[in-house]
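Chemist: Mind looking over this structure? Questions follow.
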Amino acid sequence: MSKFELHPDLQRDGVHLGNFQLCRVLLINDSNYPWFVLIPEIPDTSDTIDLSLAEHEQLWSESRTFSLAIMELFNGDKLNVAALGNVTPQLHIHHIVRYQSDPAWPAPIWGKHPLAPYSESALKEIHNLFAAAKLDNFSLEVELSTS
């Protein structure tokens with residue numbers, strides 16, 4: 001059995017926020033949107049159907065917990081949740097808080113604008129939001145950093 005390794009695209013674009021029991025959570029380093037991905041830490045998965053029934057149920061439980069939290073923390077107008085994987089084949093579920101005032105509204109965000117990286121102070125603010133939220137079964141990274 002192979003070992004879980006994060007796909008290079010996700011390593012490049014994401015900042016490790018923390019972990020649930022099954023999923024690693026990344027903040028996508030794009031300040032245009034509160035944009036996160038949940039990645040089940042199961043080797044060789046590209047689609048949700050590659051998961052066992054228990055893993056599948058755990059994924060959607062973690063997704064629901066995380067979705068409720070980010071909509072409250074970021075006071076969004078709409079939540080987009082998607083698993084595409086056409087470019088990055090590793091299973092990852094996008095969770096994007098949308099606002100009617102965001103740069104791509106109402107269209108999908110992909111390919112609309114270049115990534116606008118977070119400042120270190122903005123990353124610290126996001127970290128503090130999640131620290132205060134104390135999500136069930138979520139281990140927050142000690143510190144967020146793009147380096």
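Letters A, B, ... go to the chains of the structure tokens in the order shown; residues in each chain start at 1; ligands are counted from 1 in the same order.
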Could you name the residues that touch Leu51 (chain A) at 9 Å or less, counting only C-alpha atoms, but leaving out those on the same chain fewer than 5 positions away, as a PyMOL selection string?
Modeler: chain A and resi 40+42+45+56
Chemist: With a cut-off of 12 Å, could you pull out the residues of region 65-122 of chain A touching region 57-61 of chain A and give me the nearest pair of atoms for each, distance in Å to one decimal, using only C-alpha atoms, ordered by chain and ascending number, as CSV?
Modeler:
residue,atom,partner,partner_atom,distance
A:Thr65,CA,A:Ser61,CA,6.3
A:Phe66,CA,A:Ser61,CA,8.6
A:Ser67,CA,A:Ser61,CA,9.8
A:Leu68,CA,A:Ser61,CA,10.9
A:Val81,CA,A:Trp60,CA,10.9
A:Ala82,CA,A:Trp60,CA,11.9
A:Ala83,CA,A:Trp60,CA,11.9
A:Leu91,CA,A:Leu59,CA,11.0
A:His92,CA,A:Leu59,CA,10.3
A:Ile93,CA,A:Leu59,CA,9.3
A:His95,CA,A:Trp60,CA,12.0
Chemist: Can I get the selected residues back with N, CA and C atoms, as a JSON list (two decimals), in the first residue's frame?
Modeler:
[["chain", "number", "residue", "atom", "x", "y", "z"],
["A", 65, "THR", "N", -19.45, 19.91, 8.74],
["A", 65, "THR", "CA", -18.94, 20.66, 9.89],
["A", 65, "THR", "C", -18.16, 21.88, 9.43],
["A", 66, "PHE", "N", -17.28, 21.67, 8.46],
["A", 66, "PHE", "CA", -16.44, 22.76, 7.97],
["A", 66, "PHE", "C", -17.28, 23.81, 7.24],
["A", 67, "SER", "N", -18.23, 23.37, 6.44],
["A", 67, "SER", "CA", -19.10, 24.29, 5.69],
["A", 67, "SER", "C", -19.88, 25.21, 6.62],
["A", 68, "LEU", "N", -20.48, 24.61, 7.65],
["A", 68, "LEU", "CA", -21.24, 25.42, 8.61],
["A", 68, "LEU", "C", -20.33, 26.46, 9.27],
["A", 81, "VAL", "N", -19.42, 24.16, -3.07],
["A", 81, "VAL", "CA", -18.69, 22.95, -2.71],
["A", 81, "VAL", "C", -18.58, 22.12, -3.98],
["A", 82, "ALA", "N", -17.35, 21.74, -4.33],
["A", 82, "ALA", "CA", -17.17, 21.02, -5.59],
["A", 82, "ALA", "C", -15.95, 20.11, -5.53],
["A", 83, "ALA", "N", -16.07, 18.97, -6.18],
["A", 83, "ALA", "CA", -14.95, 18.05, -6.37],
["A", 83, "ALA", "C", -14.79, 17.86, -7.87],
["A", 91, "LEU", "N", -8.03, 13.50, -5.04],
["A", 91, "LEU", "CA", -9.33, 13.88, -4.51],
["A", 91, "LEU", "C", -9.19, 15.06, -3.55],
["A", 92, "HIS", "N", -9.89, 16.13, -3.84],
["A", 92, "HIS", "CA", -9.94, 17.31, -2.98],
["A", 92, "HIS", "C", -11.28, 17.99, -3.22],
["A", 93, "ILE", "N", -11.88, 18.45, -2.13],
["A", 93, "ILE", "CA", -13.20, 19.05, -2.19],
["A", 93, "ILE", "C", -13.06, 20.54, -1.90],
["A", 95, "HIS", "N", -14.26, 24.22, -0.98],
["A", 95, "HIS", "CA", -15.28, 24.88, -0.16],
["A", 95, "HIS", "C", -15.00, 26.37, -0.29]]
Chemist: Please extract the residues of region 41-88 of chain A with a backbone DSSP assignment of alpha helix (DSSP H) and present them as a tab-separated table (two decimals) with N, CA and C atoms, in the first residue's frame.
Modeler:
chain	number	residue	atom	x	y	z
A	53	LEU	N	-17.10	3.02	2.23
A	53	LEU	CA	-18.35	3.63	2.69
A	53	LEU	C	-18.12	4.45	3.95
A	54	ALA	N	-17.36	3.92	4.90
A	54	ALA	CA	-17.08	4.65	6.14
A	54	ALA	C	-16.29	5.93	5.87
A	55	GLU	N	-15.29	5.85	4.98
A	55	GLU	CA	-14.51	7.04	4.63
A	55	GLU	C	-15.38	8.07	3.92
A	56	HIS	N	-16.25	7.61	3.03
A	56	HIS	CA	-17.16	8.49	2.31
A	56	HIS	C	-18.06	9.24	3.29
A	57	GLU	N	-18.63	8.52	4.23
A	57	GLU	CA	-19.49	9.15	5.24
A	57	GLU	C	-18.69	10.13	6.10
A	58	GLN	N	-17.47	9.78	6.45
A	58	GLN	CA	-16.62	10.66	7.26
A	58	GLN	C	-16.29	11.94	6.48
A	59	LEU	N	-15.98	11.80	5.21
A	59	LEU	CA	-15.68	12.96	4.37
A	59	LEU	C	-16.84	13.95	4.39
A	60	TRP	N	-18.06	13.47	4.17
A	60	TRP	CA	-19.19	14.40	4.08
A	60	TRP	C	-19.59	14.94	5.45
A	61	SER	N	-19.31	14.20	6.50
A	61	SER	CA	-19.53	14.72	7.85
A	61	SER	C	-18.55	15.87	8.13
A	62	GLU	N	-17.29	15.66	7.78
A	62	GLU	CA	-16.29	16.71	7.97
A	62	GLU	C	-16.58	17.91	7.08
A	63	SER	N	-17.03	17.67	5.86
A	63	SER	CA	-17.39	18.75	4.94
A	63	SER	C	-18.53	19.58	5.51
A	64	ARG	N	-19.53	18.92	6.07
A	64	ARG	CA	-20.67	19.65	6.64
A	64	ARG	C	-20.23	20.50	7.84
A	65	THR	N	-19.45	19.91	8.74
A	65	THR	CA	-18.94	20.66	9.89
A	65	THR	C	-18.16	21.88	9.43
A	66	PHE	N	-17.28	21.67	8.46
A	66	PHE	CA	-16.44	22.76	7.97
A	66	PHE	C	-17.28	23.81	7.24
A	67	SER	N	-18.23	23.37	6.44
A	67	SER	CA	-19.10	24.29	5.69
A	67	SER	C	-19.88	25.21	6.62
A	68	LEU	N	-20.48	24.61	7.65
A	68	LEU	CA	-21.24	25.42	8.61
A	68	LEU	C	-20.33	26.46	9.27
A	69	ALA	N	-19.12	26.04	9.62
A	69	ALA	CA	-18.19	26.95	10.29
A	69	ALA	C	-17.77	28.10	9.39
A	70	ILE	N	-17.39	27.81	8.15
A	70	ILE	CA	-16.89	28.90	7.30
A	70	ILE	C	-17.99	29.87	6.88
A	71	MET	N	-19.20	29.37	6.72
A	71	MET	CA	-20.28	30.30	6.41
A	71	MET	C	-20.55	31.24	7.59
A	72	GLU	N	-20.41	30.73	8.80
A	72	GLU	CA	-20.58	31.59	9.97
A	72	GLU	C	-19.38	32.53	10.14
A	73	LEU	N	-18.17	31.99	10.01
A	73	LEU	CA	-16.97	32.80	10.22
A	73	LEU	C	-16.82	33.91	9.18
A	74	PHE	N	-17.21	33.62	7.93
A	74	PHE	CA	-16.99	34.58	6.85
A	74	PHE	C	-18.27	35.25	6.37
Chemist: Per DSSP on the backbone, filter region 42-135 of chain A down to the residues in strand (DSSP E) and report them as a ChimeraX atom specification.
Modeler: /A:78-82,93-98
Chemist: Mind pulling up the distance from CA of Gly76 (chain A) to CA of Gln100 (chain A)?
Modeler: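 Computed distance, CA of Gln100 (chain A) to CA of Gly76 (chain A), equals 8.8 Å.
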Chemist: Excluding Tyr118 (chain A) and its own-chain neighbours fewer than 4 positions away, which residues fall within 7 Å of it when counting only C-alpha atoms? Please give them as a list in words.
Modeler: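 Residues near the query, excluding close chain neighbours: Asn29, Asp30, Ser31, Ala122 and Leu123 of chain A.
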Chemist: Can you write just those residues out, C-alpha atoms, as a PDB file, in the first residue's frame?
Modeler:
ATOM      1  CA  ASN A  29      -3.629  31.223  -1.015  1.00  0.00           C
ATOM      2  CA  ASP A  30      -6.026  33.541  -2.837  1.00  0.00           C
ATOM      3  CA  SER A  31      -7.376  36.480  -0.877  1.00  0.00           C
ATOM      4  CA  ALA A 122      -4.235  38.225   6.952  1.00  0.00           C
ATOM      5  CA  LEU A 123      -3.155  34.604   7.466  1.00  0.00           C
TER       6      LEU A 123
END
Chemist: What is the distance between CA of Leu22 (chain A) and CA of Glu120 (chain A), in Å to one decimal?
Modeler: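 Those two atoms sit 27.5 Å apart.
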Chemist: Counting only C-alpha atoms, what is within 12 Å of Ser119 (chain A), bar same-chain residues fewer than 5 positions away, as a list in words?
Modeler: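 These residues fall inside the cut-off: Asn29, Asp30, Ser31, Lys124, Glu125, Ile126, Leu144, Ser145, Thr146 and Ser147 of chain A.
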Chemist: Which residues of region 32-140 of chain A come within 7 Å of region 8-21 of chain A, and for each one, what is the closest pair of atoms and their distance in Å to one decimal, counting only C-alpha atoms, sorted by chain and residue number, as a Markdown table?
Modeler:
| residue | atom | partner | partner_atom | distance |
| --- | --- | --- | --- | --- |
| A:Glu62 | CA | A:Phe20 | CA | 6.9 |
| A:Thr88 | CA | A:Asp9 | CA | 6.6 |
| A:Asn137 | CA | A:Phe20 | CA | 5.8 |
| A:Phe138 | CA | A:Phe20 | CA | 4.6 |
| A:Ser139 | CA | A:Asn19 | CA | 5.2 |
| A:Leu140 | CA | A:Gly18 | CA | 4.2 |
Chemist: Please produce a file of those selected residues containing C-alpha atoms, as a short mmCIF file (atom, residue, chain, number, x, y, z; two decimals), in the first residue's frame.
Modeler:
data_model
loop_
_atom_site.label_atom_id
_atom_site.label_comp_id
_atom_site.auth_asym_id
_atom_site.auth_seq_id
_atom_site.Cartn_x
_atom_site.Cartn_y
_atom_site.Cartn_z
CA GLU A 62 -16.29 16.71 7.97
CA THR A 88 -5.31 18.06 -10.13
CA ASN A 137 -12.63 17.11 15.83
CA PHE A 138 -10.44 19.70 14.08
CA SER A 139 -6.76 20.21 14.90
CA LEU A 140 -5.61 23.67 13.87
#
Chemist: So that I can see what lies close to Asp77 (chain A), please list as a ChimeraX atom specification the residues with an atom at most 8 Å from it, counting only C-alpha atoms and leaving out residues fewer than 4 positions away in the same chain.
Modeler: /A:97-100
Chemist: Tell me, as a list of chain:residue names, which residues lie within 8 Å of Pro43 (chain A), counting only C-alpha atoms; anything in the same chain fewer than 3 positions away does not count.
Modeler: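 Here the answer would be A:Ser2, A:Lys3, A:Phe4, A:Glu5.
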Chemist: Could those residues be written to a file, using N, CA and C atoms, as a PDB file, in the first residue's frame?
Modeler:
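Contents of result.pdb, freshly written:
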ATOM      1  N   SER A   2       0.531   2.202  -0.817  1.00  0.00           N
ATOM      2  CA  SER A   2       1.335   3.407  -0.905  1.00  0.00           C
ATOM      3  C   SER A   2       0.982   4.385   0.226  1.00  0.00           C
ATOM      4  N   LYS A   3       1.852   5.349   0.416  1.00  0.00           N
ATOM      5  CA  LYS A   3       1.708   6.342   1.473  1.00  0.00           C
ATOM      6  C   LYS A   3       1.034   7.597   0.895  1.00  0.00           C
ATOM      7  N   PHE A   4       0.204   8.273   1.708  1.00  0.00           N
ATOM      8  CA  PHE A   4      -0.433   9.501   1.267  1.00  0.00           C
ATOM      9  C   PHE A   4       0.620  10.577   1.030  1.00  0.00           C
ATOM     10  N   GLU A   5       0.518  11.228  -0.126  1.00  0.00           N
ATOM     11  CA  GLU A   5       1.366  12.380  -0.441  1.00  0.00           C
ATOM     12  C   GLU A   5       0.486  13.435  -1.076  1.00  0.00           C
TER      13      GLU A   5
END
Chemist: Mind pulling up the distance from CA of Tyr33 (chain A) to CA of Pro117 (chain A)?
Modeler: 10.5 Å
Chemist: Which one of A:Leu79, A:Asn128, A:Val142, A:Leu84 sits closest to Trp105 (chain A) if you count only C-alpha atoms?
Modeler: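 Closest candidate: A:Leu79.
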